[in-house]
Structures are given as structure tokens and as C-alpha cells.
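Next comes upload_2.pdb, a file with PDB, C-alpha atoms and all ligand atoms.
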ATOM      1  CA  MET V  29     -10.147   8.208  18.000  1.00  0.00           C
ATOM      2  CA  ASP V  30     -13.623   9.773  18.008  1.00  0.00           C
ATOM      3  CA  THR V  31     -16.841   7.949  17.127  1.00  0.00           C
ATOM      4  CA  GLN V  32     -17.036   9.628  13.699  1.00  0.00           C
ATOM      5  CA  SER V  33     -13.585   8.292  12.779  1.00  0.00           C
ATOM      6  CA  LEU V  34     -14.413   4.808  14.061  1.00  0.00           C
ATOM      7  CA  GLU V  35     -17.667   4.817  12.098  1.00  0.00           C
ATOM      8  CA  ARG V  36     -15.841   5.843   8.897  1.00  0.00           C
ATOM      9  CA  LEU V  37     -13.269   3.062   9.373  1.00  0.00           C
ATOM     10  CA  ARG V  38     -16.061   0.563   9.971  1.00  0.00           C
ATOM     11  CA  ARG V  39     -17.732   1.637   6.734  1.00  0.00           C
ATOM     12  CA  ILE V  40     -14.465   1.332   4.807  1.00  0.00           C
ATOM     13  CA  LYS V  41     -13.970  -2.169   6.241  1.00  0.00           C
ATOM     14  CA  ASP V  42     -17.534  -3.105   5.130  1.00  0.00           C
ATOM     15  CA  PHE V  43     -16.814  -1.665   1.680  1.00  0.00           C
ATOM     16  CA  VAL V  44     -13.720  -3.854   1.209  1.00  0.00           C
ATOM     17  CA  GLN V  45     -15.497  -6.936   2.534  1.00  0.00           C
ATOM     18  CA  ALA V  46     -18.464  -6.323   0.235  1.00  0.00           C
ATOM     19  CA  ARG V  47     -16.149  -6.157  -2.775  1.00  0.00           C
ATOM     20  CA  ARG V  48     -14.573  -9.458  -1.781  1.00  0.00           C
ATOM     21  CA  ALA V  49     -17.988 -11.082  -1.247  1.00  0.00           C
ATOM     22  CA  GLN V  50     -19.214  -9.810  -4.617  1.00  0.00           C
ATOM     23  CA  THR V  51     -16.221 -11.243  -6.486  1.00  0.00           C
ATOM     24  CA  GLU V  52     -16.306 -14.560  -4.662  1.00  0.00           C
ATOM     25  CA  ALA V  53     -20.018 -14.984  -5.352  1.00  0.00           C
ATOM     26  CA  ARG V  54     -19.559 -14.225  -9.059  1.00  0.00           C
ATOM     27  CA  ASP V  55     -16.193 -15.514 -10.240  1.00  0.00           C
ATOM     28  CA  ARG V  56     -12.828 -15.781  -8.534  1.00  0.00           C
ATOM     29  CA  GLY V  57     -10.787 -15.301 -11.688  1.00  0.00           C
ATOM     30  CA  GLN V  58      -7.350 -16.823 -11.269  1.00  0.00           C
ATOM     31  CA  TYR V  59      -7.459 -16.512  -7.474  1.00  0.00           C
ATOM     32  CA  THR V  60      -8.480 -19.282  -5.095  1.00  0.00           C
ATOM     33  CA  ALA V  61     -10.661 -18.971  -1.996  1.00  0.00           C
ATOM     34  CA  PHE V  62      -7.418 -19.130  -0.014  1.00  0.00           C
ATOM     35  CA  ASP V  63      -5.983 -16.142  -1.939  1.00  0.00           C
ATOM     36  CA  TYR V  64      -8.963 -13.982  -0.933  1.00  0.00           C
ATOM     37  CA  ASP V  65      -8.819 -15.209   2.635  1.00  0.00           C
ATOM     38  CA  TYR V  66      -5.085 -14.551   2.834  1.00  0.00           C
ATOM     39  CA  ARG V  67      -5.541 -11.061   1.332  1.00  0.00           C
ATOM     40  CA  TRP V  68      -8.248 -10.127   3.811  1.00  0.00           C
ATOM     41  CA  LYS V  69      -6.289 -11.315   6.856  1.00  0.00           C
ATOM     42  CA  HIS V  70      -3.159  -9.603   5.490  1.00  0.00           C
ATOM     43  CA  THR V  71      -5.209  -6.406   5.144  1.00  0.00           C
ATOM     44  CA  LEU V  72      -6.363  -6.641   8.774  1.00  0.00           C
ATOM     45  CA  ARG V  73      -2.795  -7.134  10.000  1.00  0.00           C
ATOM     46  CA  VAL V  74      -1.501  -4.246   7.877  1.00  0.00           C
ATOM     47  CA  VAL V  75      -4.166  -2.027   9.489  1.00  0.00           C
ATOM     48  CA  GLN V  76      -2.973  -2.998  12.982  1.00  0.00           C
ATOM     49  CA  TYR V  77       0.706  -2.570  12.104  1.00  0.00           C
ATOM     50  CA  GLY V  78      -0.189   0.771  10.529  1.00  0.00           C
ATOM     51  CA  LYS V  79      -2.013   1.859  13.675  1.00  0.00           C
ATOM     52  CA  ARG V  80       0.903   0.837  15.868  1.00  0.00           C
ATOM     53  CA  ILE V  81       3.450   2.675  13.705  1.00  0.00           C
ATOM     54  CA  ALA V  82       1.220   5.756  13.321  1.00  0.00           C
ATOM     55  CA  GLU V  83       0.782   6.055  17.086  1.00  0.00           C
ATOM     56  CA  ALA V  84       4.509   5.687  17.730  1.00  0.00           C
ATOM     57  CA  GLU V  85       5.390   8.194  14.996  1.00  0.00           C
ATOM     58  CA  HIS V  86       2.644  10.687  15.963  1.00  0.00           C
ATOM     59  CA  ALA V  87       1.018  10.474  12.544  1.00  0.00           C
ATOM     60  CA  ASP V  88      -2.662  10.783  11.586  1.00  0.00           C
ATOM     61  CA  VAL V  89      -3.902   7.370  12.745  1.00  0.00           C
ATOM     62  CA  GLU V  90      -7.223   7.499  10.871  1.00  0.00           C
ATOM     63  CA  ILE V  91      -5.622   8.360   7.527  1.00  0.00           C
ATOM     64  CA  VAL V  92      -3.168   5.503   7.966  1.00  0.00           C
ATOM     65  CA  MET V  93      -5.804   2.951   9.008  1.00  0.00           C
ATOM     66  CA  ALA V  94      -8.142   3.988   6.180  1.00  0.00           C
ATOM     67  CA  ALA V  95      -5.363   3.674   3.588  1.00  0.00           C
ATOM     68  CA  CYS V  96      -4.199   0.342   5.019  1.00  0.00           C
ATOM     69  CA  LEU V  97      -7.750  -1.044   4.787  1.00  0.00           C
ATOM     70  CA  LEU V  98      -7.913   0.013   1.129  1.00  0.00           C
ATOM     71  CA  HIS V  99      -4.322  -0.588   0.022  1.00  0.00           C
ATOM     72  CA  ASP V 100      -4.997  -3.960  -1.679  1.00  0.00           C
ATOM     73  CA  LEU V 101      -8.660  -3.321  -2.560  1.00  0.00           C
ATOM     74  CA  SER V 102      -8.170  -4.253  -6.228  1.00  0.00           C
ATOM     75  CA  LYS V 103      -6.841  -7.668  -5.171  1.00  0.00           C
ATOM     76  CA  PHE V 104     -10.443  -8.485  -4.294  1.00  0.00           C
ATOM     77  CA  ASP V 105     -11.334  -8.241  -7.984  1.00  0.00           C
ATOM     78  CA  SER V 106     -10.989 -11.308 -10.173  1.00  0.00           C
ATOM     79  CA  VAL V 107      -8.270  -9.539 -12.187  1.00  0.00           C
ATOM     80  CA  GLU V 108      -4.495  -9.500 -11.638  1.00  0.00           C
ATOM     81  CA  TYR V 109      -3.408  -5.858 -11.956  1.00  0.00           C
ATOM     82  CA  GLY V 110       0.239  -6.483 -11.060  1.00  0.00           C
ATOM     83  CA  VAL V 111       2.213  -3.315 -10.254  1.00  0.00           C
ATOM     84  CA  GLU V 112      -0.877  -1.241 -11.072  1.00  0.00           C
ATOM     85  CA  HIS V 113      -2.840  -2.683  -8.160  1.00  0.00           C
ATOM     86  CA  GLY V 114      -2.156   0.267  -5.847  1.00  0.00           C
ATOM     87  CA  ARG V 115      -3.273   2.853  -8.384  1.00  0.00           C
ATOM     88  CA  VAL V 116      -6.331   0.770  -9.341  1.00  0.00           C
ATOM     89  CA  SER V 117      -7.251   0.408  -5.651  1.00  0.00           C
ATOM     90  CA  ALA V 118      -7.034   4.189  -5.191  1.00  0.00           C
ATOM     91  CA  ARG V 119      -9.270   4.811  -8.198  1.00  0.00           C
ATOM     92  CA  LEU V 120     -11.841   2.302  -6.956  1.00  0.00           C
ATOM     93  CA  ALA V 121     -11.790   3.730  -3.427  1.00  0.00           C
ATOM     94  CA  ARG V 122     -12.026   7.450  -4.269  1.00  0.00           C
ATOM     95  CA  PRO V 123     -15.782   7.758  -5.104  1.00  0.00           C
ATOM     96  CA  PHE V 124     -16.636   5.778  -1.966  1.00  0.00           C
ATOM     97  CA  LEU V 125     -14.318   7.860   0.252  1.00  0.00           C
ATOM     98  CA  GLU V 126     -16.016  11.005  -1.044  1.00  0.00           C
ATOM     99  CA  THR V 127     -19.298   9.818   0.511  1.00  0.00           C
ATOM    100  CA  LEU V 128     -17.843   9.516   4.030  1.00  0.00           C
ATOM    101  CA  GLY V 129     -17.510  13.179   4.956  1.00  0.00           C
ATOM    102  CA  TYR V 130     -13.741  13.429   4.494  1.00  0.00           C
ATOM    103  CA  THR V 131     -12.341  16.722   3.211  1.00  0.00           C
ATOM    104  CA  PRO V 132     -11.009  16.653  -0.394  1.00  0.00           C
ATOM    105  CA  GLU V 133      -7.475  16.857   1.117  1.00  0.00           C
ATOM    106  CA  GLN V 134      -8.112  13.804   3.287  1.00  0.00           C
ATOM    107  CA  VAL V 135      -9.500  11.853   0.318  1.00  0.00           C
ATOM    108  CA  ASP V 136      -6.413  12.766  -1.736  1.00  0.00           C
ATOM    109  CA  HIS V 137      -4.128  11.838   1.130  1.00  0.00           C
ATOM    110  CA  ILE V 138      -5.685   8.369   1.604  1.00  0.00           C
ATOM    111  CA  CYS V 139      -5.786   7.727  -2.170  1.00  0.00           C
ATOM    112  CA  PHE V 140      -2.168   8.768  -2.587  1.00  0.00           C
ATOM    113  CA  ALA V 141      -0.969   6.406   0.159  1.00  0.00           C
ATOM    114  CA  VAL V 142      -2.932   3.565  -1.475  1.00  0.00           C
ATOM    115  CA  ALA V 143      -1.742   4.405  -5.003  1.00  0.00           C
ATOM    116  CA  VAL V 144       1.986   4.484  -4.241  1.00  0.00           C
ATOM    117  CA  HIS V 145       2.278   1.456  -1.945  1.00  0.00           C
ATOM    118  CA  VAL V 146       3.590  -0.846  -4.685  1.00  0.00           C
ATOM    119  CA  ASP V 147       6.138   1.153  -6.660  1.00  0.00           C
ATOM    120  CA  ASP V 148       6.097   4.705  -5.261  1.00  0.00           C
ATOM    121  CA  LYS V 149       4.157   6.007  -8.262  1.00  0.00           C
ATOM    122  CA  ALA V 150       0.744   7.669  -8.338  1.00  0.00           C
ATOM    123  CA  ASP V 151      -1.303   8.983 -11.253  1.00  0.00           C
ATOM    124  CA  PHE V 152      -1.841  12.334  -9.518  1.00  0.00           C
ATOM    125  CA  GLU V 153       0.360  14.865  -7.746  1.00  0.00           C
ATOM    126  CA  HIS V 154       0.647  14.752  -3.955  1.00  0.00           C
ATOM    127  CA  PRO V 155       3.526  15.194  -1.536  1.00  0.00           C
ATOM    128  CA  VAL V 156       4.987  12.099   0.113  1.00  0.00           C
ATOM    129  CA  THR V 157       3.862  12.277   3.736  1.00  0.00           C
ATOM    130  CA  LEU V 158       4.621  10.450   6.961  1.00  0.00           C
ATOM    131  CA  GLU V 159       1.287   8.628   6.601  1.00  0.00           C
ATOM    132  CA  THR V 160       2.228   7.461   3.085  1.00  0.00           C
ATOM    133  CA  LYS V 161       5.485   6.022   4.399  1.00  0.00           C
ATOM    134  CA  ILE V 162       3.697   4.273   7.260  1.00  0.00           C
ATOM    135  CA  VAL V 163       1.270   2.454   4.952  1.00  0.00           C
ATOM    136  CA  ASN V 164       4.269   1.210   2.973  1.00  0.00           C
ATOM    137  CA  ASP V 165       6.095   0.131   6.112  1.00  0.00           C
ATOM    138  CA  ALA V 166       3.056  -1.665   7.558  1.00  0.00           C
ATOM    139  CA  ASP V 167       2.592  -3.594   4.298  1.00  0.00           C
ATOM    140  CA  ASN V 168       6.246  -4.605   4.235  1.00  0.00           C
ATOM    141  CA  VAL V 169       6.201  -5.703   7.864  1.00  0.00           C
ATOM    142  CA  ASP V 170       3.344  -8.128   7.260  1.00  0.00           C
ATOM    143  CA  ARG V 171       4.832  -9.349   3.977  1.00  0.00           C
ATOM    144  CA  PHE V 172       7.792 -10.659   5.976  1.00  0.00           C
ATOM    145  CA  GLY V 173       5.816 -12.118   8.877  1.00  0.00           C
ATOM    146  CA  ALA V 174       5.812 -15.634  10.337  1.00  0.00           C
ATOM    147  CA  TYR V 175       2.744 -16.727   8.372  1.00  0.00           C
ATOM    148  CA  ARG V 176       4.199 -15.534   5.097  1.00  0.00           C
ATOM    149  CA  LEU V 177       7.311 -17.576   5.864  1.00  0.00           C
ATOM    150  CA  LEU V 178       5.180 -20.732   6.109  1.00  0.00           C
ATOM    151  CA  ILE V 179       3.328 -19.940   2.903  1.00  0.00           C
ATOM    152  CA  HIS V 180       6.605 -19.403   1.064  1.00  0.00           C
ATOM    153  CA  TYR V 181       7.617 -23.028   1.646  1.00  0.00           C
ATOM    154  CA  ARG V 182       4.264 -24.810   1.604  1.00  0.00           C
ATOM    155  CA  ASP V 183       4.972 -26.615  -1.701  1.00  0.00           C
ATOM    156  CA  GLN V 184       8.429 -27.806  -0.657  1.00  0.00           C
ATOM    157  CA  VAL V 185       7.925 -29.320   2.794  1.00  0.00           C
ATOM    158  CA  GLU V 186       7.924 -32.841   1.352  1.00  0.00           C
ATOM    159  CA  GLU V 187      10.855 -32.122  -0.988  1.00  0.00           C
ATOM    160  CA  TYR V 188      13.648 -31.804   1.558  1.00  0.00           C
ATOM    161  CA  GLU V 189      16.638 -31.111  -0.737  1.00  0.00           C
ATOM    162  CA  GLN V 190      14.635 -28.573  -2.725  1.00  0.00           C
ATOM    163  CA  LEU V 191      13.497 -26.938   0.500  1.00  0.00           C
ATOM    164  CA  ILE V 192      17.048 -26.559   1.808  1.00  0.00           C
ATOM    165  CA  THR V 193      18.339 -25.125  -1.480  1.00  0.00           C
ATOM    166  CA  LYS V 194      15.467 -22.642  -1.522  1.00  0.00           C
ATOM    167  CA  ALA V 195      16.121 -21.727   2.121  1.00  0.00           C
ATOM    168  CA  GLU V 196      19.834 -21.129   1.474  1.00  0.00           C
ATOM    169  CA  LYS V 197      19.042 -18.758  -1.382  1.00  0.00           C
ATOM    170  CA  ARG V 198      16.357 -17.010   0.631  1.00  0.00           C
ATOM    171  CA  ILE V 199      18.739 -16.352   3.549  1.00  0.00           C
ATOM    172  CA  GLN V 200      21.006 -14.401   1.184  1.00  0.00           C
ATOM    173  CA  THR V 201      18.074 -12.336  -0.124  1.00  0.00           C
ATOM    174  CA  LEU V 202      16.798 -11.613   3.399  1.00  0.00           C
ATOM    175  CA  LYS V 203      20.261 -10.530   4.511  1.00  0.00           C
ATOM    176  CA  ARG V 204      20.331  -7.999   1.695  1.00  0.00           C
ATOM    177  CA  TYR V 205      17.006  -6.577   2.971  1.00  0.00           C
ATOM    178  CA  LEU V 206      18.665  -6.009   6.367  1.00  0.00           C
ATOM    179  CA  THR V 207      20.454  -2.970   4.965  1.00  0.00           C
ATOM    180  CA  GLU V 208      17.279  -1.531   3.447  1.00  0.00           C
ATOM    181  CA  GLU V 209      15.942   1.709   4.864  1.00  0.00           C
ATOM    182  CA  LEU V 210      12.243   1.877   5.601  1.00  0.00           C
ATOM    183  CA  GLY V 211      10.086   4.990   5.798  1.00  0.00           C
ATOM    184  CA  THR V 212       9.966   5.315   9.581  1.00  0.00           C
ATOM    185  CA  PRO V 213      12.127   4.211  12.537  1.00  0.00           C
ATOM    186  CA  THR V 214       9.223   2.217  14.050  1.00  0.00           C
ATOM    187  CA  GLY V 215       8.482   0.517  10.732  1.00  0.00           C
ATOM    188  CA  GLU V 216      12.146  -0.301  10.326  1.00  0.00           C
ATOM    189  CA  ARG V 217      12.311  -1.836  13.815  1.00  0.00           C
ATOM    190  CA  LEU V 218       9.281  -4.038  13.171  1.00  0.00           C
ATOM    191  CA  PHE V 219      10.622  -5.020   9.738  1.00  0.00           C
ATOM    192  CA  ARG V 220      14.036  -6.007  11.176  1.00  0.00           C
ATOM    193  CA  ARG V 221      12.251  -8.100  13.775  1.00  0.00           C
ATOM    194  CA  GLN V 222      10.524 -10.027  10.980  1.00  0.00           C
ATOM    195  CA  LEU V 223      13.776 -10.460   9.062  1.00  0.00           C
ATOM    196  CA  ASP V 224      15.578 -11.713  12.188  1.00  0.00           C
ATOM    197  CA  LEU V 225      12.847 -14.275  12.763  1.00  0.00           C
ATOM    198  CA  GLN V 226      12.952 -15.514   9.170  1.00  0.00           C
ATOM    199  CA  ILE V 227      16.748 -15.589   8.937  1.00  0.00           C
ATOM    200  CA  ASN V 228      17.120 -17.367  12.307  1.00  0.00           C
ATOM    201  CA  PHE V 229      14.508 -19.939  11.395  1.00  0.00           C
ATOM    202  CA  LEU V 230      15.946 -20.639   7.945  1.00  0.00           C
ATOM    203  CA  GLU V 231      19.513 -20.792   9.240  1.00  0.00           C
ATOM    204  CA  ARG V 232      18.428 -23.391  11.797  1.00  0.00           C
ATOM    205  CA  LEU V 233      16.669 -25.335   9.067  1.00  0.00           C
ATOM    206  CA  VAL V 234      19.851 -25.401   6.981  1.00  0.00           C
ATOM    207  CA  GLU V 235      21.983 -26.172  10.041  1.00  0.00           C
ATOM    208  CA  ASP V 236      19.806 -29.191  10.851  1.00  0.00           C
ATOM    209  CA  SER V 237      20.029 -30.391   7.257  1.00  0.00           C
ATOM    210  CA  LYS V 238      23.780 -30.833   7.742  1.00  0.00           C
ATOM    211  CA  LEU V 239      22.948 -33.361  10.455  1.00  0.00           C
ATOM    212  CA  THR V 240      20.944 -35.429   8.029  1.00  0.00           C
ATOM    213  CA  VAL V 241      23.889 -37.804   7.459  1.00  0.00           C
ATOM    214  CA  GLU V 242      24.666 -41.388   8.389  1.00  0.00           C
ATOM    215  CA  PRO V 243      27.063 -41.826  11.329  1.00  0.00           C
TER     216      PRO V 243
HETATM  217 FE    FE N 301      -0.265  -4.469  -2.365  1.00  0.00          FE
HETATM  218 FE    FE N 302      -0.464  -5.621   0.905  1.00  0.00          FE
END
Rewrite the structure of this file - the entire thing - as C-alpha cells.
Ligand SMILES: [Fe+2]
Ligand SMILES: [Fe+2]
Amino acid sequence: MDTQSLERLRRIKDFVQARRAQTEARDRGQYTAFDYDYRWKHTLRVVQYGKRIAEAEHADVEIVMAACLLHDLSKFDSVEYGVEHGRVSARLARPFLETLGYTPEQVDHICFAVAVHVDDKADFEHPVTLETKIVNDADNVDRFGAYRLLIHYRDQVEEYEQLITKAEKRIQTLKRYLTEELGTPTGERLFRRQLDLQINFLERLVEDSKLTVEP
């Protein structure tokens, strides 16, 4: 990547961080400090997964990394936008992206990938591209990572029976995801790797619970 691209990505990163800092200094809304910290670290991991997938799939690495950095931008507001959060993020990012020297096509491309990452819907017309699919894949890969697994059960670790019941249900859900098609072969491979980890771990947890009996 050339120095101009690296400089643009650095400025986008600063832009997202500034938005987070602004919100945290003013009012966190219904989010906790942990929520913002999680969101930022998730964002950084999605960028790296996006880069890895984009390189393997011969996509435009800068477009992917820029969109990954911005994909959850609106989560750094003190407002819960729900399924709209991709489209809101794209709207918030657009005026800033226009100051970075991108062509109008590049701005549209990044905004589209950001807008559709939640529910495949944007509020403007644009073709679905390889880069769009990669942003989606990268987000999904991190959403099923090892850290997310821990977070999922953090309230149940001291409630053993509840934990096991929740794990049993979760294994079934994760197994259904195994048949899901992702946007790219590389994304799908990374996603399966996450699912395998989670399923193996939870199956072992349930297996061990069967040993929790008196002799
Ligand atoms: Fe998101
Ligand atoms: Fe995300």
C-alpha cells in the first residue's frame, strides 16, 4: 500500500477514535465504558481480518480496510440505532471521506460496504462488490471469535446449570451456522475456524458437566 493510502487510513482511524472520545467525554448513553472499548477493539480486529481476506481474494485492500474501520462508527454515538447502524455509519462517514481525496466512486464504494453490513440494505443504489462481501465476512469472523465466546457467558460462569443449558442451546445454533455460505471462500474458511473452536469448546464444557456426579 502506498503512503497516500496509509495516510488516509490513519486519518480514518483518528476520525473514529475522535468520535468515541467525544461521546465518552460527554455522555455514554446506554453504553458502558466496556461497550466502547469492546467496539473499538472489535473494529481493529475486523480491519485486520478484512485486510487478510482482501489480500487472499485479490480485492481492493484500502477500500476494505477503510470500510472496516468505519463499519460500526455509529456505535460510538450514545444512541442505539439497531439495524440502522450500518446506514447511519455510512451517512456520518461520507462528508469526512469526501475530504480525503477519494474519487466519488471510492467514497460510494466505502459507504455502500458500511451501509449494508448489518442487513444487506443501503439507502442508495450501488452494486454488491467483492469488497462489500469482505467487510461482511470480516465482521462475522470477529463476531464468532474466542473473546466473543467468553463475553457471551460472562454472566453465567457462577450459575453452572444455567451455563450448561445455555451452552447446549448455543451448540445447536452454531451447528446451523456451519451450513451458512459467506461472501468469500477465505471469509468462509476463517468463519468455520471460529465455529469449530466455539463448538468444540462448548461440547467439552457440556461433556464435563456429565461428570459432575457423585460416584
Ligand atoms: Fe455492525
Ligand atoms: Fe461489527
Taking (14.5, -16.2, 12.3) in the file's own coordinates, collect the residues within 12 Å, counting all atoms listed in the file, and hand them back as a list in words.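 Result, sorted by chain then residue number: Phe172, Gly173, Ala174, Leu177, Ala195, Arg198, Ile199, Leu202, Lys203, Arg220, Arg221, Gln222, Leu223, Asp224, Leu225, Gln226, Ile227, Asn228, Phe229, Leu230, Glu231, Arg232, Leu233 and Val234 of chain V.
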Return the single residue from V:Ile179, V:Ile138, V:Leu206, V:Val75 that is closest to Asp63 in chain V, with distances computed using all atoms listed in the file.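 Under the stated criterion, the closest residue is V:Ile179.
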Write out as a ChimeraX atom specification the residues lying within 8 Å of Arg48 in chain V, counting only C-alpha atoms and excluding same-chain residues fewer than 3 positions away. /V:44-45,51-52,64,104-105
Take the residues from that selection and write them out as a PDB file, keeping the file's coordinate frame, keeping C-alpha atoms.
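So the final result, stored in again.pdb, reads:
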ATOM      1  CA  VAL V  44     -13.720  -3.854   1.209  1.00  0.00           C
ATOM      2  CA  GLN V  45     -15.497  -6.936   2.534  1.00  0.00           C
ATOM      3  CA  THR V  51     -16.221 -11.243  -6.486  1.00  0.00           C
ATOM      4  CA  GLU V  52     -16.306 -14.560  -4.662  1.00  0.00           C
ATOM      5  CA  TYR V  64      -8.963 -13.982  -0.933  1.00  0.00           C
ATOM      6  CA  PHE V 104     -10.443  -8.485  -4.294  1.00  0.00           C
ATOM      7  CA  ASP V 105     -11.334  -8.241  -7.984  1.00  0.00           C
TER       8      ASP V 105
END
What are the closest atom pairs, with distances in Å to one decimal, for all residues of chain V lying within 10 Å of ligand FE 301 (chain N)? Consider all atoms listed in the file, order rows by chain and residue number, and present the result as a Markdown table.
| residue | atom | partner | partner_atom | distance |
| --- | --- | --- | --- | --- |
| V:Arg67 | CA | N:FE301 | FE | 9.2 |
| V:His70 | CA | N:FE301 | FE | 9.8 |
| V:Thr71 | CA | N:FE301 | FE | 9.2 |
| V:Cys96 | CA | N:FE301 | FE | 9.7 |
| V:Leu98 | CA | N:FE301 | FE | 9.5 |
| V:His99 | CA | N:FE301 | FE | 6.1 |
| V:Asp100 | CA | N:FE301 | FE | 4.8 |
| V:Leu101 | CA | N:FE301 | FE | 8.5 |
| V:Ser102 | CA | N:FE301 | FE | 8.8 |
| V:Lys103 | CA | N:FE301 | FE | 7.8 |
| V:Gly110 | CA | N:FE301 | FE | 8.9 |
| V:Val111 | CA | N:FE301 | FE | 8.3 |
| V:Glu112 | CA | N:FE301 | FE | 9.3 |
| V:His113 | CA | N:FE301 | FE | 6.6 |
| V:Gly114 | CA | N:FE301 | FE | 6.2 |
| V:Arg115 | CA | N:FE301 | FE | 9.9 |
| V:Ser117 | CA | N:FE301 | FE | 9.1 |
| V:Val142 | CA | N:FE301 | FE | 8.5 |
| V:Ala143 | CA | N:FE301 | FE | 9.4 |
| V:Val144 | CA | N:FE301 | FE | 9.4 |
| V:His145 | CA | N:FE301 | FE | 6.5 |
| V:Val146 | CA | N:FE301 | FE | 5.8 |
| V:Asp147 | CA | N:FE301 | FE | 9.5 |
| V:Asn164 | CA | N:FE301 | FE | 9.0 |
| V:Asp167 | CA | N:FE301 | FE | 7.3 |
| V:Asn168 | CA | N:FE301 | FE | 9.3 |
| V:Arg171 | CA | N:FE301 | FE | 9.5 |
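CA of Val241 in chain V sits 12.8 Å away from CA of Glu189 in chain V.
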Residues within 10 Å of Gly215 in chain V, all atoms listed in the file, excluding chain neighbours under 6 positions, as number ranges by chain: V: 77-78, 80-82, 84-85, 161-169, 209, 221
Can you report as AutoDock Vina command-line options the centre and edge lengths in Å, to one decimal, of an axis-aligned box around the listed atoms of range 219-230 of chain V padded with 4 Å on each side?
--center_x 13.8 --center_y -12.8 --center_z 10.9 --size_x 14.6 --size_y 23.6 --size_z 13.8
From the set V:Asp170, V:Leu128, V:Gly57, V:Glu133, which residue has the shortest atom-to-atom contact distance to ligand FE 302 (chain N), counting only C-alpha atoms and all ligand atoms?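 Of V:Asp170, V:Leu128, V:Gly57, V:Glu133, the one nearest ligand FE 302 (chain N), counting only C-alpha atoms and all ligand atoms, is V:Asp170.
The shortest atom-to-atom distance to ligand FE 302 (chain N), with all atoms listed in the file taken into account, belongs to V:Leu72 out of V:Ile40, V:Cys139, V:Ala61, V:Leu72.
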Counting all atoms listed in the file, figure out which residue out of V:Val107, V:Tyr130, V:Lys79, V:Tyr59 gets nearest to Arg36 in chain V. V:Tyr130
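Across V:Leu37, V:Val74, V:Ala46, V:Ala118, the tightest approach to ligand FE 302 (chain N) is made by V:Val74 when counting only C-alpha atoms and all ligand atoms.
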